[in-house]
Amino acid sequence: MTQFENSLSVPVPTSSTVAPISVGNSLVPNQNQIAYFMSGATRSYEARRNSLLKLKAALQKHEHTLLEALHKDLRKHPNEGYVSELGIIYDEISHVLKGLKGWMKPRRVATPMSLQPASSHIVSEALGRVLVIAPWNYPLQLAINPAVGALAAGNVVMLKPSELTPHTSKAIATLVRETFDPGLFQVVEGGVDVSTRLLEEQWDHIFFTGSTGVGQIVALAAAKHLTPCTLELGGKSPCIVTRSANMSLAARRIVFGKLLNAGQTCVAPDYLLVEKGAEDELLKAMIKEVEMRYGQNPLENTQLPCIVNDRNFQRLSAFIQPKLVAHGGRTNAMERLIEPTFMINVPLDHPVMMEEIFGPILPIVTFDKLDDAIRIINSREHPLALYIFSENADEQERVTRSCRFGGGAINDTLMHLANANLPFGGVGKSGYGRYHGKNSFDCFVHQKAILKTATWFDMPIRYAPWTPMKDKLVRLFLR
Ligand code: NAD
């Protein structure tokens, strides 16, 4: 128990103590969460650790249902569901549990001479009520992982999963309801109406993952209450391949990054910028990769995930212009399946190069000089991710230094996300704020600054009346 916990005396409420606010068909016991937080029940290390352990145990208990739900919603193979969703959450919880005690400790910082004798420290304090709004593409991971950070930081959490993946949304709601006091962690299911209603409330932090357009709506709603928010958004993430690259490895890792979840990944390589002279070899190697992973007829392969809904299927199908297709291009509207598709000689103003693709379609654009590729990237909004495949350190350095992007990898795709020590977040239109590991903890706390000065000595120079001697001394300290 910290000294602050001791000072909080409001009792922890039960779910029946405060009347819930109605949101569509769901209930939001808003006051309940405020009272829970104010009771101090989330403050101690033991309480937070216990919440995370309970969450992990509940996920393990519901593992089969969750993987089945991901398959029903997105046709994700259970192995893919584990590797890209559940496994990542387990890893995040383990990582946070390892660091949490240390992160919670007040951090002593240096105090300048001019303030001596004194000491200074920073206390990482929970923000309060956190609203998490999640998207559909990794409907489990992107709903639970922010909640892990928020709970670790001592907050209470309201989570709204995506309505477009209803089986996963329901499985999450059931799991959380069975495991947590709704004052601490609660799920509200629903679509835009529920989201809109939730955004009218005053929160202490809003964590939103989704499209840039809706991110703007969220930021506007947050501004009304001056609520800080984290916006994890999307965009077109480029992937550069130079002639120096290890072509077969580049092909394998690009195909992996593009086809995981059928390209419905916020950090998937959206389009390729390939140095002239390398395009044929790369294309051949990528086709070989697709055939090796998904066979000659991917539409018949039960491990190929489907497109989330008809609207997105139609949107993606419209990108496929037969005369630009070098490989793939076939679709199955009934099953919402799109073959891995490579498009070549794509003009920069073609629709597939103008909006985020978010599907298994990869346009390939060639460039003469690396500076041309850099110019193309920098003439667009800052992407969430950037990848460069090159064996040349100078090329790697030039690209990573000259372009602004959220994060990325050299000679790989997506895998920067798998390192919990790296912050994950966008820049510009791909979002603001960051999370994962310690960054998640930092995302959901206020860093309270405290200066403690001695009382046995009081440096006179800051007090009037001003004298030449004081002026001299002040100038000695402040220069
Ligand atoms: P979306 O913005 O349509 O929806 C996200 C969430 O916002 C959903 O829960 C939805 O119910 C809610 N929502 C939708 N419209 C709303 C409105 N008008 N007002 C309030 N809430 C609303 O995004 P999506 O289609 O679920 O996800 C795809 C997008 O998310 C892509 O752009 C992708 O790049 C991005 N994304 C980003 C990340 C990241 O970590 N940066 C991760 C996954 C997806």
# chains A, B, ... in the order shown; residues from 1 in each chain; ligands from 1

$ residues_around --residues "Gly149 in chain A" --least-positions-apart "4" --cutoff "10 Å" --atoms "only C-alpha atoms" --output "ChimeraX atom specification"
/A:52,92-93,96,144-145,153-155,435-445

$ closest_atom_pairs --of "chain A" --to "ligand 1" --cutoff "7 Å" --atoms "only C-alpha atoms and all ligand atoms" --output "Markdown table"
| residue | atom | partner | partner_atom_place_in_ligand_line | distance |
| --- | --- | --- | --- | --- |
| A:Ile133 | CA | ligand 1 | 9 (O) | 5.1 |
| A:Ala134 | CA | ligand 1 | 9 (O) | 4.6 |
| A:Pro135 | CA | ligand 1 | 26 (O) | 3.4 |
| A:Trp136 | CA | ligand 1 | 26 (O) | 4.5 |
| A:Asn137 | CA | ligand 1 | 43 (C) | 6.0 |
| A:Tyr138 | CA | ligand 1 | 43 (C) | 6.6 |
| A:Leu142 | CA | ligand 1 | 42 (C) | 6.8 |
| A:Lys160 | CA | ligand 1 | 9 (O) | 6.1 |
| A:Pro161 | CA | ligand 1 | 9 (O) | 5.3 |
| A:Ser162 | CA | ligand 1 | 9 (O) | 3.9 |
| A:Glu163 | CA | ligand 1 | 11 (O) | 5.8 |
| A:Gly190 | CA | ligand 1 | 11 (O) | 6.8 |
| A:Gly191 | CA | ligand 1 | 11 (O) | 4.3 |
| A:Val192 | CA | ligand 1 | 22 (C) | 4.5 |
| A:Ser195 | CA | ligand 1 | 21 (N) | 4.5 |
| A:Thr196 | CA | ligand 1 | 20 (C) | 4.8 |
| A:Thr209 | CA | ligand 1 | 38 (C) | 5.2 |
| A:Gly210 | CA | ligand 1 | 30 (O) | 3.1 |
| A:Ser211 | CA | ligand 1 | 32 (O) | 3.5 |
| A:Thr212 | CA | ligand 1 | 32 (O) | 6.1 |
| A:Gly213 | CA | ligand 1 | 2 (O) | 6.7 |
| A:Val214 | CA | ligand 1 | 2 (O) | 4.6 |
| A:Gly215 | CA | ligand 1 | 2 (O) | 6.5 |
| A:Ile217 | CA | ligand 1 | 19 (N) | 6.1 |
| A:Val218 | CA | ligand 1 | 20 (C) | 6.4 |
| A:Glu232 | CA | ligand 1 | 41 (N) | 3.6 |
| A:Leu233 | CA | ligand 1 | 41 (N) | 3.9 |
| A:Gly234 | CA | ligand 1 | 34 (O) | 3.0 |
| A:Gly235 | CA | ligand 1 | 34 (O) | 5.7 |
| A:Thr265 | CA | ligand 1 | 43 (C) | 6.2 |
| A:Cys266 | CA | ligand 1 | 34 (O) | 3.8 |
| A:Glu356 | CA | ligand 1 | 32 (O) | 6.9 |
| A:Phe358 | CA | ligand 1 | 31 (C) | 7.0 |
| A:Leu384 | CA | ligand 1 | 41 (N) | 6.7 |
| A:Gly425 | CA | ligand 1 | 41 (N) | 6.3 |
| A:Gly426 | CA | ligand 1 | 41 (N) | 6.6 |
| A:Ser430 | CA | ligand 1 | 41 (N) | 6.8 |
| A:Gly431 | CA | ligand 1 | 41 (N) | 7.0 |

$ select_by_dssp --residues "range 346-470 of chain A" --states "strand (DSSP E or B)" --output "list in words"
Ile361, Leu362, Pro363, Ile364, Val365, Thr366, Phe367, Ala385, Leu386, Tyr387, Ile388, Phe389, Gly407, Gly408, Ala409, Ile410, Phe424, Gly431, Tyr432, Tyr435, Val445, His446, Gln447, Lys448, Ala449, Ile450, Leu451, Lys452 and Thr453 of chain A

$ residues_around --residues "Leu198 in chain A" --least-positions-apart "3" --cutoff "10 Å" --atoms "only C-alpha atoms" --output "list in words"
Val23, Val28, Asn30, Leu131, Ile133, Met158, Lys160, Val188, Val192, Asp193, Val194, Ser195, Glu201, Gln202, Trp203 and Ala221 of chain A

$ select_by_dssp --residues "range 209-396 of chain A" --states "alpha helix (DSSP H)" --output "MDAnalysis selection string"
chainID A and resid 212:224 247:259 279:294 310:319 351:354 370:378 393:396

$ residues_around --residues "range 449-456 of chain A" --least-positions-apart "4" --cutoff "12 Å" --atoms "only C-alpha atoms" --output "PyMOL selection string"
chain A and resi 106-112+114-125

$ write_last_selection --atoms "all heavy atoms" --output "compact mmCIF listing (two decimals), in the first residue's frame"
# COMPACT_ATOMS: atom_id res chain seq x y z
N PRO A 106 8.65 5.45 -7.98
CA PRO A 106 8.95 6.85 -8.26
C PRO A 106 10.39 6.94 -8.79
O PRO A 106 11.27 6.23 -8.30
CB PRO A 106 8.83 7.53 -6.91
CG PRO A 106 7.98 6.62 -6.10
CD PRO A 106 8.24 5.23 -6.59
N ARG A 107 10.59 7.78 -9.80
CA ARG A 107 11.92 7.86 -10.43
C ARG A 107 12.60 9.15 -10.00
O ARG A 107 12.08 10.24 -10.20
CB ARG A 107 11.74 7.82 -11.95
CG ARG A 107 13.05 7.76 -12.72
CD ARG A 107 12.79 7.24 -14.13
NE ARG A 107 11.79 8.03 -14.85
CZ ARG A 107 12.07 9.07 -15.63
NH1 ARG A 107 13.32 9.44 -15.80
NH2 ARG A 107 11.11 9.72 -16.24
N ARG A 108 13.75 8.99 -9.35
CA ARG A 108 14.50 10.16 -8.91
C ARG A 108 15.23 10.78 -10.09
O ARG A 108 15.81 10.06 -10.89
CB ARG A 108 15.51 9.72 -7.85
CG ARG A 108 15.79 10.79 -6.84
CD ARG A 108 16.76 10.28 -5.79
NE ARG A 108 17.44 11.44 -5.26
CZ ARG A 108 17.36 11.81 -4.00
NH1 ARG A 108 16.68 11.10 -3.14
NH2 ARG A 108 17.98 12.89 -3.58
N VAL A 109 15.18 12.10 -10.19
CA VAL A 109 15.92 12.78 -11.26
C VAL A 109 16.82 13.84 -10.63
O VAL A 109 16.61 14.24 -9.48
CB VAL A 109 14.97 13.43 -12.31
CG1 VAL A 109 14.22 12.38 -13.11
CG2 VAL A 109 13.99 14.40 -11.66
N ALA A 110 17.80 14.31 -11.40
CA ALA A 110 18.75 15.29 -10.86
C ALA A 110 18.07 16.63 -10.57
O ALA A 110 17.05 16.97 -11.20
CB ALA A 110 19.88 15.49 -11.87
N THR A 111 18.59 17.36 -9.61
CA THR A 111 18.06 18.69 -9.28
C THR A 111 19.20 19.70 -9.49
O THR A 111 20.31 19.48 -8.99
CB THR A 111 17.62 18.73 -7.80
OG1 THR A 111 16.72 17.64 -7.59
CG2 THR A 111 16.91 20.03 -7.46
N PRO A 112 18.97 20.79 -10.23
CA PRO A 112 20.06 21.73 -10.51
C PRO A 112 20.55 22.45 -9.24
O PRO A 112 19.81 22.56 -8.26
CB PRO A 112 19.45 22.72 -11.50
CG PRO A 112 17.98 22.54 -11.39
CD PRO A 112 17.73 21.15 -10.91
N SER A 114 20.90 25.50 -8.62
CA SER A 114 20.13 26.69 -8.25
C SER A 114 18.96 26.35 -7.31
O SER A 114 18.42 27.23 -6.66
CB SER A 114 19.59 27.36 -9.50
OG SER A 114 18.87 26.42 -10.26
N LEU A 115 18.54 25.08 -7.26
CA LEU A 115 17.41 24.71 -6.41
C LEU A 115 17.84 24.00 -5.13
O LEU A 115 17.01 23.62 -4.32
CB LEU A 115 16.44 23.80 -7.19
CG LEU A 115 15.80 24.40 -8.43
CD1 LEU A 115 14.97 23.36 -9.15
CD2 LEU A 115 14.92 25.59 -8.04
N GLN A 116 19.13 23.77 -4.97
CA GLN A 116 19.60 23.01 -3.81
C GLN A 116 19.43 23.80 -2.51
O GLN A 116 19.36 25.02 -2.55
CB GLN A 116 21.08 22.65 -4.00
CG GLN A 116 21.34 21.73 -5.17
CD GLN A 116 20.75 20.33 -5.01
OE1 GLN A 116 20.28 19.98 -3.92
NE2 GLN A 116 20.73 19.56 -6.08
N PRO A 117 19.29 23.15 -1.39
CA PRO A 117 19.24 21.71 -1.22
C PRO A 117 17.82 21.17 -1.48
O PRO A 117 16.86 21.68 -0.89
CB PRO A 117 19.65 21.52 0.24
CG PRO A 117 19.31 22.81 0.91
CD PRO A 117 19.32 23.89 -0.12
N ALA A 118 17.73 20.17 -2.36
CA ALA A 118 16.41 19.65 -2.72
C ALA A 118 16.58 18.31 -3.44
O ALA A 118 17.68 17.94 -3.84
CB ALA A 118 15.71 20.64 -3.66
N SER A 119 15.48 17.61 -3.59
CA SER A 119 15.49 16.40 -4.41
C SER A 119 14.27 16.45 -5.34
O SER A 119 13.30 17.16 -5.06
CB SER A 119 15.43 15.15 -3.53
OG SER A 119 14.19 15.11 -2.86
N SER A 120 14.32 15.69 -6.44
CA SER A 120 13.21 15.71 -7.40
C SER A 120 12.86 14.28 -7.80
O SER A 120 13.77 13.46 -7.97
CB SER A 120 13.60 16.46 -8.67
OG SER A 120 14.10 17.74 -8.35
N HIS A 121 11.58 14.02 -7.95
CA HIS A 121 11.21 12.70 -8.45
C HIS A 121 9.92 12.76 -9.26
O HIS A 121 9.15 13.72 -9.19
CB HIS A 121 11.12 11.67 -7.32
CG HIS A 121 10.07 11.96 -6.30
ND1 HIS A 121 10.26 12.80 -5.23
CD2 HIS A 121 8.80 11.50 -6.19
CE1 HIS A 121 9.16 12.85 -4.51
NE2 HIS A 121 8.26 12.07 -5.07
N ILE A 122 9.75 11.71 -10.04
CA ILE A 122 8.57 11.62 -10.91
C ILE A 122 7.75 10.41 -10.47
O ILE A 122 8.29 9.32 -10.30
CB ILE A 122 9.00 11.43 -12.39
CG1 ILE A 122 9.85 12.61 -12.86
CG2 ILE A 122 7.79 11.24 -13.29
CD1 ILE A 122 10.57 12.37 -14.16
N VAL A 123 6.46 10.65 -10.28
CA VAL A 123 5.56 9.55 -9.89
C VAL A 123 4.66 9.24 -11.08
O VAL A 123 3.98 10.13 -11.61
CB VAL A 123 4.69 9.96 -8.68
CG1 VAL A 123 3.79 8.81 -8.26
CG2 VAL A 123 5.55 10.43 -7.53
N SER A 124 4.67 8.01 -11.53
CA SER A 124 3.80 7.60 -12.64
C SER A 124 2.44 7.24 -12.07
O SER A 124 2.28 6.20 -11.43
CB SER A 124 4.40 6.40 -13.37
OG SER A 124 5.56 6.80 -14.02
N GLU A 125 1.48 8.10 -12.32
CA GLU A 125 0.18 7.95 -11.67
C GLU A 125 -0.89 7.58 -12.68
O GLU A 125 -0.94 8.15 -13.78
CB GLU A 125 -0.17 9.29 -11.04
CG GLU A 125 -0.97 9.16 -9.79
CD GLU A 125 -1.10 10.52 -9.13
OE1 GLU A 125 -1.88 11.36 -9.63
OE2 GLU A 125 -0.40 10.76 -8.14

$ residues_around --residues "Leu299 in chain A" --least-positions-apart "5" --cutoff "12 Å" --atoms "only C-alpha atoms" --output "list in words"
Ala262, Val290, Glu291, Tyr294, Leu304, Pro305, Cys306, Gly328, Gly329, Arg330, Thr331, Asn332, Ala333, Met334, Glu335, Arg336, Leu337, Ile338, Glu339, Pro340, Thr341 and Pro360 of chain A

$ atom_distance --atom1 "CA of Met415 in chain A" --atom2 "CA of Gln296 in chain A"
26.9 Å

$ atom_distance --atom1 "CA of Leu97 in chain A" --atom2 "CA of Val156 in chain A"
17.6 Å
